[in-house]
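Coordinates as given in upload.tsv (TSV, C-alpha atoms):
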```tsv
chain	number	residue	atom	x	y	z
B	1	MET	CA	5.58	-1.80	27.86
B	2	GLY	CA	8.12	-2.51	25.13
B	3	VAL	CA	9.77	0.16	23.01
B	4	LEU	CA	7.55	-0.81	20.06
B	5	GLU	CA	4.22	-0.83	21.90
B	6	GLY	CA	1.46	0.14	19.46
B	7	LYS	CA	3.70	-0.05	16.39
B	8	VAL	CA	2.89	-2.10	13.29
B	9	ALA	CA	5.75	-4.05	11.70
B	10	VAL	CA	5.86	-5.91	8.39
B	11	VAL	CA	8.67	-8.46	8.14
B	12	THR	CA	9.28	-10.26	4.85
B	13	GLY	CA	10.98	-13.63	4.63
B	14	ALA	CA	9.61	-14.32	8.12
B	15	SER	CA	9.08	-18.06	7.80
B	16	ARG	CA	12.52	-19.01	9.10
B	17	GLY	CA	16.03	-17.85	9.93
B	18	ILE	CA	16.84	-14.17	10.37
B	19	GLY	CA	13.39	-12.99	9.31
B	20	ALA	CA	11.62	-15.18	11.85
B	21	ALA	CA	14.04	-14.10	14.59
B	22	ILE	CA	13.43	-10.42	13.82
B	23	ALA	CA	9.65	-10.89	13.73
B	24	VAL	CA	9.70	-12.59	17.14
B	25	ARG	CA	11.99	-9.90	18.62
B	26	LEU	CA	9.89	-6.99	17.40
B	27	ALA	CA	6.74	-8.64	18.72
B	28	ALA	CA	8.40	-9.15	22.11
B	29	GLU	CA	8.80	-5.36	22.28
B	30	GLY	CA	5.10	-4.81	21.66
B	31	ALA	CA	4.86	-4.50	17.88
B	32	LYS	CA	1.94	-6.00	15.99
B	33	VAL	CA	3.74	-8.09	13.40
B	34	VAL	CA	2.74	-9.12	9.90
B	35	ALA	CA	4.85	-12.15	8.97
B	36	ALA	CA	5.16	-12.43	5.20
B	37	ALA	CA	6.67	-15.21	3.08
B	38	ARG	CA	5.72	-17.81	0.49
B	39	THR	CA	5.85	-20.81	2.81
B	40	VAL	CA	2.48	-21.38	4.45
B	41	ASP	CA	2.64	-25.17	4.56
B	42	ALA	CA	5.73	-27.23	5.36
B	43	SER	CA	5.28	-29.22	2.14
B	44	GLN	CA	5.93	-26.08	0.07
B	45	SER	CA	9.65	-25.92	0.82
B	46	ARG	CA	12.57	-28.23	1.40
B	47	LEU	CA	13.61	-25.81	4.17
B	48	GLU	CA	12.16	-25.97	7.64
B	49	GLY	CA	9.79	-23.21	8.79
B	50	THR	CA	6.54	-21.50	7.82
B	51	ILE	CA	4.98	-18.12	8.54
B	52	GLY	CA	2.42	-19.97	10.62
B	53	ASP	CA	5.22	-21.32	12.80
B	54	THR	CA	6.54	-17.80	13.33
B	55	VAL	CA	3.12	-16.45	14.28
B	56	ALA	CA	2.63	-19.36	16.67
B	57	ARG	CA	5.93	-18.52	18.41
B	58	ILE	CA	4.88	-14.89	18.76
B	59	GLU	CA	1.43	-15.71	20.09
B	60	ALA	CA	2.79	-18.32	22.52
B	61	ALA	CA	4.94	-15.56	24.03
B	62	GLY	CA	1.92	-13.26	24.37
B	63	GLY	CA	2.53	-11.19	21.24
B	64	THR	CA	0.28	-10.19	18.35
B	65	ALA	CA	0.85	-11.28	14.75
B	66	PHE	CA	-0.74	-12.70	11.65
B	67	ALA	CA	0.65	-14.51	8.63
B	68	GLN	CA	0.25	-13.15	5.11
B	69	ALA	CA	1.18	-15.50	2.27
B	70	THR	CA	3.26	-13.38	-0.09
B	71	ASP	CA	5.30	-14.05	-3.20
B	72	LEU	CA	7.62	-11.04	-3.17
B	73	SER	CA	8.38	-11.49	-6.88
B	74	ARG	CA	4.77	-10.53	-7.69
B	75	GLU	CA	3.75	-6.86	-7.66
B	76	GLN	CA	0.15	-7.71	-6.77
B	77	ASP	CA	1.25	-9.76	-3.77
B	78	ARG	CA	3.35	-6.89	-2.48
B	79	GLN	CA	0.39	-4.55	-2.80
B	80	ALA	CA	-1.87	-7.07	-1.06
B	81	LEU	CA	0.62	-7.45	1.80
B	82	ILE	CA	0.58	-3.78	2.75
B	83	GLU	CA	-3.18	-3.54	2.26
B	84	ALA	CA	-3.70	-6.52	4.56
B	85	ALA	CA	-1.40	-5.02	7.21
B	86	GLU	CA	-3.23	-1.69	7.12
B	87	GLN	CA	-6.66	-3.31	7.23
B	88	ARG	CA	-5.76	-5.51	10.19
B	89	TYR	CA	-3.59	-3.19	12.28
B	90	GLY	CA	-3.42	0.28	10.70
B	91	THR	CA	-0.54	2.29	9.26
B	92	VAL	CA	2.74	0.41	8.91
B	93	ASP	CA	5.41	1.91	11.17
B	94	ILE	CA	8.22	-0.56	10.48
B	95	LEU	CA	9.16	-2.38	7.28
B	96	VAL	CA	11.86	-5.04	7.38
B	97	ASN	CA	12.93	-6.22	3.92
B	98	ASN	CA	14.51	-9.59	4.61
B	99	ALA	CA	13.11	-11.92	1.93
B	100	ALA	CA	15.57	-13.43	-0.53
B	101	VAL	CA	15.70	-15.97	-3.32
B	102	THR	CA	19.31	-16.93	-3.88
B	103	TYR	CA	21.21	-19.07	-6.35
B	104	PHE	CA	24.96	-19.50	-6.06
B	105	THR	CA	26.02	-20.04	-9.65
B	106	PRO	CA	28.96	-18.62	-11.66
B	107	VAL	CA	28.05	-15.83	-14.07
B	108	SER	CA	28.89	-18.04	-17.06
B	109	ASP	CA	26.12	-20.47	-16.04
B	110	PHE	CA	23.52	-18.08	-14.64
B	111	THR	CA	20.12	-18.31	-16.33
B	112	ASP	CA	18.10	-15.25	-17.26
B	113	ARG	CA	15.11	-16.45	-15.22
B	114	ARG	CA	17.10	-16.87	-12.02
B	115	TYR	CA	18.90	-13.55	-12.54
B	116	HIS	CA	15.64	-11.60	-12.87
B	117	LEU	CA	13.99	-13.48	-10.01
B	118	MET	CA	16.81	-12.61	-7.61
B	119	PHE	CA	16.68	-8.93	-8.50
B	120	GLU	CA	12.88	-8.90	-8.31
B	121	VAL	CA	12.82	-10.30	-4.77
B	122	GLN	CA	15.95	-8.69	-3.32
B	123	VAL	CA	15.95	-5.27	-5.01
B	124	ASN	CA	12.65	-4.46	-6.71
B	125	ALA	CA	10.47	-5.76	-3.88
B	126	PRO	CA	12.16	-3.63	-1.16
B	127	PHE	CA	11.92	-0.62	-3.49
B	128	HIS	CA	8.20	-1.18	-4.15
B	129	LEU	CA	7.30	-1.96	-0.53
B	130	ALA	CA	9.08	1.21	0.60
B	131	GLN	CA	6.98	3.20	-1.88
B	132	LEU	CA	3.84	1.62	-0.47
B	133	VAL	CA	4.56	2.38	3.20
B	134	MET	CA	6.08	5.84	2.82
B	135	PRO	CA	2.79	7.80	2.57
B	136	GLY	CA	1.54	6.47	5.90
B	137	MET	CA	4.89	7.04	7.59
B	138	ARG	CA	5.03	10.60	6.31
B	139	GLU	CA	1.52	11.25	7.56
B	140	ARG	CA	2.47	9.99	11.03
B	141	GLY	CA	5.75	11.86	11.03
B	142	GLU	CA	7.94	8.84	11.72
B	143	GLY	CA	8.85	5.41	10.40
B	144	TRP	CA	11.57	2.81	10.02
B	145	ILE	CA	12.67	0.88	6.94
B	146	LEU	CA	15.32	-1.79	7.43
B	147	ASN	CA	16.94	-3.67	4.56
B	148	ILE	CA	18.76	-6.89	5.39
B	149	SER	CA	22.03	-7.06	3.49
B	150	SER	CA	25.19	-9.16	3.52
B	151	ILE	CA	28.95	-8.86	3.59
B	152	ALA	CA	28.68	-10.17	0.02
B	153	ALA	CA	27.94	-6.57	-1.04
B	154	ARG	CA	31.62	-5.74	-0.53
B	155	HIS	CA	33.96	-5.87	-3.52
B	156	PRO	CA	36.30	-8.87	-3.73
B	157	THR	CA	39.98	-8.47	-3.04
B	158	PHE	CA	42.72	-9.36	-5.54
B	159	PRO	CA	44.20	-11.78	-6.07
B	160	PRO	CA	40.85	-13.43	-5.30
B	161	GLY	CA	40.44	-15.94	-2.50
B	162	PRO	CA	39.52	-19.62	-2.76
B	163	HIS	CA	35.79	-18.90	-2.78
B	164	ALA	CA	35.85	-16.61	-5.84
B	165	GLY	CA	34.35	-19.30	-8.05
B	166	PHE	CA	31.58	-20.17	-5.61
B	167	GLY	CA	29.01	-18.21	-7.59
B	168	GLY	CA	28.18	-15.29	-5.31
B	169	THR	CA	28.51	-12.49	-7.88
B	170	VAL	CA	24.80	-11.97	-8.55
B	171	TYR	CA	23.97	-12.22	-4.85
B	172	GLY	CA	26.60	-9.56	-4.16
B	173	MET	CA	25.18	-7.37	-6.92
B	174	CYS	CA	21.71	-7.54	-5.36
B	175	LYS	CA	22.98	-6.62	-1.91
B	176	ALA	CA	25.18	-3.81	-3.23
B	177	ALA	CA	22.16	-2.34	-5.03
B	178	LEU	CA	20.08	-2.67	-1.87
B	179	GLU	CA	22.69	-0.80	0.16
B	180	ARG	CA	22.88	2.09	-2.30
B	181	PHE	CA	19.09	2.25	-2.31
B	182	THR	CA	19.21	2.39	1.50
B	183	THR	CA	21.50	5.40	1.75
B	184	GLY	CA	19.76	7.26	-1.06
B	185	LEU	CA	16.32	6.75	0.43
B	186	ALA	CA	17.58	7.68	3.89
B	187	ALA	CA	18.70	11.03	2.49
B	188	GLU	CA	15.36	11.57	0.76
B	189	LEU	CA	13.35	10.79	3.90
B	190	TYR	CA	15.57	12.40	6.53
B	191	ALA	CA	13.38	15.51	6.83
B	192	ASP	CA	10.33	13.27	7.29
B	193	ASN	CA	11.85	11.54	10.36
B	194	ILE	CA	11.84	8.17	8.56
B	195	ALA	CA	14.94	6.13	9.29
B	196	VAL	CA	16.29	3.86	6.55
B	197	ASN	CA	19.15	1.50	7.31
B	198	ALA	CA	20.81	-1.67	6.03
B	199	LEU	CA	21.93	-4.43	8.35
B	200	SER	CA	24.24	-7.39	7.76
B	201	PRO	CA	25.55	-10.05	10.13
B	202	ASN	CA	29.21	-9.86	11.02
B	203	GLN	CA	29.46	-13.62	10.58
B	204	VAL	CA	27.44	-16.24	8.77
B	205	VAL	CA	24.18	-17.00	10.58
B	206	PRO	CA	23.18	-20.68	10.69
B	207	THR	CA	19.71	-20.71	9.15
B	208	PRO	CA	17.90	-23.34	7.07
B	209	GLY	CA	19.07	-21.43	3.97
B	210	THR	CA	22.74	-21.05	4.83
B	211	LEU	CA	22.90	-24.64	6.04
B	212	PHE	CA	21.33	-25.82	2.79
B	213	HIS	CA	23.91	-23.89	0.75
B	214	ARG	CA	26.68	-25.23	3.03
B	215	LEU	CA	27.81	-21.76	4.01
B	216	THR	CA	28.08	-22.84	7.64
B	217	THR	CA	27.25	-25.70	9.99
B	218	ASP	CA	25.21	-26.07	13.18
B	219	ASP	CA	28.38	-26.50	15.20
B	220	ASP	CA	30.44	-23.75	13.53
B	221	PRO	CA	32.17	-21.89	16.41
B	222	ASN	CA	32.46	-18.76	14.26
B	223	ALA	CA	28.77	-18.58	13.35
B	224	GLU	CA	26.49	-15.80	14.60
B	225	PRO	CA	23.18	-16.69	16.32
B	226	PRO	CA	20.04	-15.26	14.64
B	227	THR	CA	19.21	-13.47	17.90
B	228	VAL	CA	22.16	-11.12	17.37
B	229	MET	CA	20.68	-9.90	14.09
B	230	ALA	CA	17.29	-9.62	15.79
B	231	ASP	CA	18.71	-7.43	18.57
B	232	ALA	CA	20.51	-5.23	16.04
B	233	ALA	CA	17.34	-4.94	13.95
B	234	LEU	CA	15.39	-3.79	16.98
B	235	ALA	CA	18.04	-1.15	17.65
B	236	LEU	CA	17.53	0.23	14.13
B	237	CYS	CA	13.74	0.17	14.30
B	238	HIS	CA	12.86	2.57	17.09
B	239	ARG	CA	15.42	5.38	17.26
B	240	PRO	CA	14.62	8.70	15.50
B	241	ALA	CA	16.09	9.29	12.06
B	242	ALA	CA	18.16	12.20	13.36
B	243	GLU	CA	19.96	9.72	15.61
B	244	LEU	CA	20.37	6.66	13.40
B	245	THR	CA	19.73	6.56	9.67
B	246	GLY	CA	21.58	5.96	6.42
B	247	ARG	CA	23.78	3.32	8.00
B	248	ILE	CA	25.30	0.28	6.36
B	249	ALA	CA	25.51	-1.50	9.68
B	250	TYR	CA	26.92	-4.82	10.87
B	251	SER	CA	25.14	-6.54	13.73
B	252	GLN	CA	27.85	-7.11	16.31
B	253	ASP	CA	29.64	-3.84	15.50
B	254	LEU	CA	26.40	-1.86	15.83
B	255	LEU	CA	25.44	-3.42	19.15
B	256	ALA	CA	28.94	-2.80	20.55
B	257	GLU	CA	28.80	0.82	19.38
B	258	LEU	CA	25.40	1.45	20.95
B	259	GLN	CA	26.42	-0.23	24.19
B	260	LYS	CA	29.38	2.14	24.50
B	261	GLY	CA	27.15	4.91	23.76
```

File written out as structure tokens:
Amino acid sequence: MGVLEGKVAVVTGASRGIGAAIAVRLAAEGAKVVAAARTVDASQSRLEGTIGDTVARIEAAGGTAFAQATDLSREQDRQALIEAAEQRYGTVDILVNNAAVTYFTPVSDFTDRRYHLMFEVQVNAPFHLAQLVMPGMRERGEGWILNISSIAARHPTFPPGPHAGFGGTVYGMCKAALERFTTGLAAELYADNIAVNALSPNQVVPTPGTLFHRLTTDDDPNAEPPTVMADAALALCHRPAAELTGRIAYSQDLLAELQKG
């Protein structure tokens, strides 16, 4: 039996990349996984991967999962996601907020529509989904909420480096907000034994998204495999809150710390 046997996990942005890797890893430890994302059919996105593909990988390995088409920018879709998870499997034990819509554009050129869409998906959606799963977690007396962040949340150094004009300011704002939400919610839910953590990769992970934005390459020797984030996510999704909560963690650092442990 895996450490997540009998648990129910909702993973957003699970059609590809880090989200898909986390969904597969949690399922391998016995969790019943709800894979949520917009991409149901390959024709819907220029990026490779669908939630059906992720579910197929889980089922081929003997795991349990189903795909729920979800537009995280829509309140009704977020509500429907949790309702579907509860109807199919029962109370949600684990929520992984991984979904992101990202535009790398300088502030001077950023459109209002793109600005609001990024905050809706990367900040408002995790906030709302946490509200939706908290009652069930409190009733059970345990739960895990994991928010996927980025090193982009850190403040730039001065004088700025060569990538300062790349257009990552709004992305960094979203992730910084997500991290402050993480620590605040962790404090609120500590007495309820609900762990809330944020997790970022130490290095850029080669995913369809990062490759598309040219943040890394398939042969980058400094890149971090998606499986490292998946292993770190698992570590943050089964330990009691008294042991591991309120952390702004980095994948490789966290795994090294726990291994010493």

Separating atom CA of B:Ile94 from atom CA of B:Glu142, to the nearest tenth of an Å, is a gap of 9.5 Å

Find the residue from B:Ser15, B:Asn98, B:Thr70, B:Gln252 that sits nearest to B:Gly52; use all atoms listed in the file when measuring.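 Residue with the minimum atom-to-atom distance to B:Gly52: B:Ser15.
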
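Residue nearest B:Ile18, chosen from B:Pro226, B:Gly184, B:Gly49, B:Pro240 and counting only C-alpha atoms: B:Pro226.
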
task: For each of B:Ser108, B:Thr12, B:Ser73, B:Ser149, take the minimum atom-to-atom distance to B:Asn124, counting all atoms listed in the file, then give the residue where this is smallest.
output: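 Of the candidates, the smallest distance to B:Asn124 is held by B:Ser73.
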
- How many Å lie between atom CA of B:Thr183 and atom CA of B:Pro126, rounded to one decimal?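 Pair atom CA of B:Thr183 / atom CA of B:Pro126 returns 13.3 Å.
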
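Among the candidate residues B:Val133, B:Leu4, B:Leu81, B:Ala20, the one lying nearest to B:Met229 is B:Ala20, with distances computed using all atoms listed in the file.
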
Margin query: Residues near B:Thr245, anyone? I mean within 7 Å using all atoms listed in the file, not counting same-chain ones fewer than 3 positions away, as a ChimeraX atom specification.
Written below: /B:186,195-197,241-242

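Atom to atom, atom CA of B:Tyr171 and atom CA of B:Ser150 stand 9.0 Å apart.
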
For B:Gly136: contacts at 9 Å, only C-alpha atoms, fewer than 5 positions along chain excluded, given as a PDB file with C-alpha atoms, in the coordinates of the input:
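The result, written out as part.pdb:
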```pdb
ATOM      1  CA  THR B  91      -0.540   2.290   9.260  1.00  0.00           C
ATOM      2  CA  VAL B  92       2.740   0.410   8.910  1.00  0.00           C
ATOM      3  CA  ASP B  93       5.410   1.910  11.170  1.00  0.00           C
ATOM      4  CA  GLY B 141       5.750  11.860  11.030  1.00  0.00           C
ATOM      5  CA  GLU B 142       7.940   8.840  11.720  1.00  0.00           C
ATOM      6  CA  GLY B 143       8.850   5.410  10.400  1.00  0.00           C
TER       7      GLY B 143
END
```

With all atoms listed in the file as the counted atoms, please give the residues lying no more than 8 Å from B:Ile151, apart from itself and same-chain residues fewer than 4 positions off, as a PyMOL selection string. chain B and resi 200-202

Can you tell me, as JSON, numbers by chain, which residues sit within 12 Å of (4.2, -8.9, -7.6) in the file's frame, using only C-alpha atoms?
{"B": [70, 71, 72, 73, 74, 75, 76, 77, 78, 79, 80, 81, 117, 120, 121, 124, 125, 126, 128, 129]}

Which residue, B:Thr105, B:Gln131, B:Gln259, B:Thr54, has the smallest gap to B:Ala164 when you use all atoms listed in the file?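 Under the stated criterion, the closest residue is B:Thr105.
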
Judged by all atoms listed in the file, the minimum distance to B:Gly30 among B:Asp219, B:Gly168, B:Leu234, B:Asp253 is found for B:Leu234
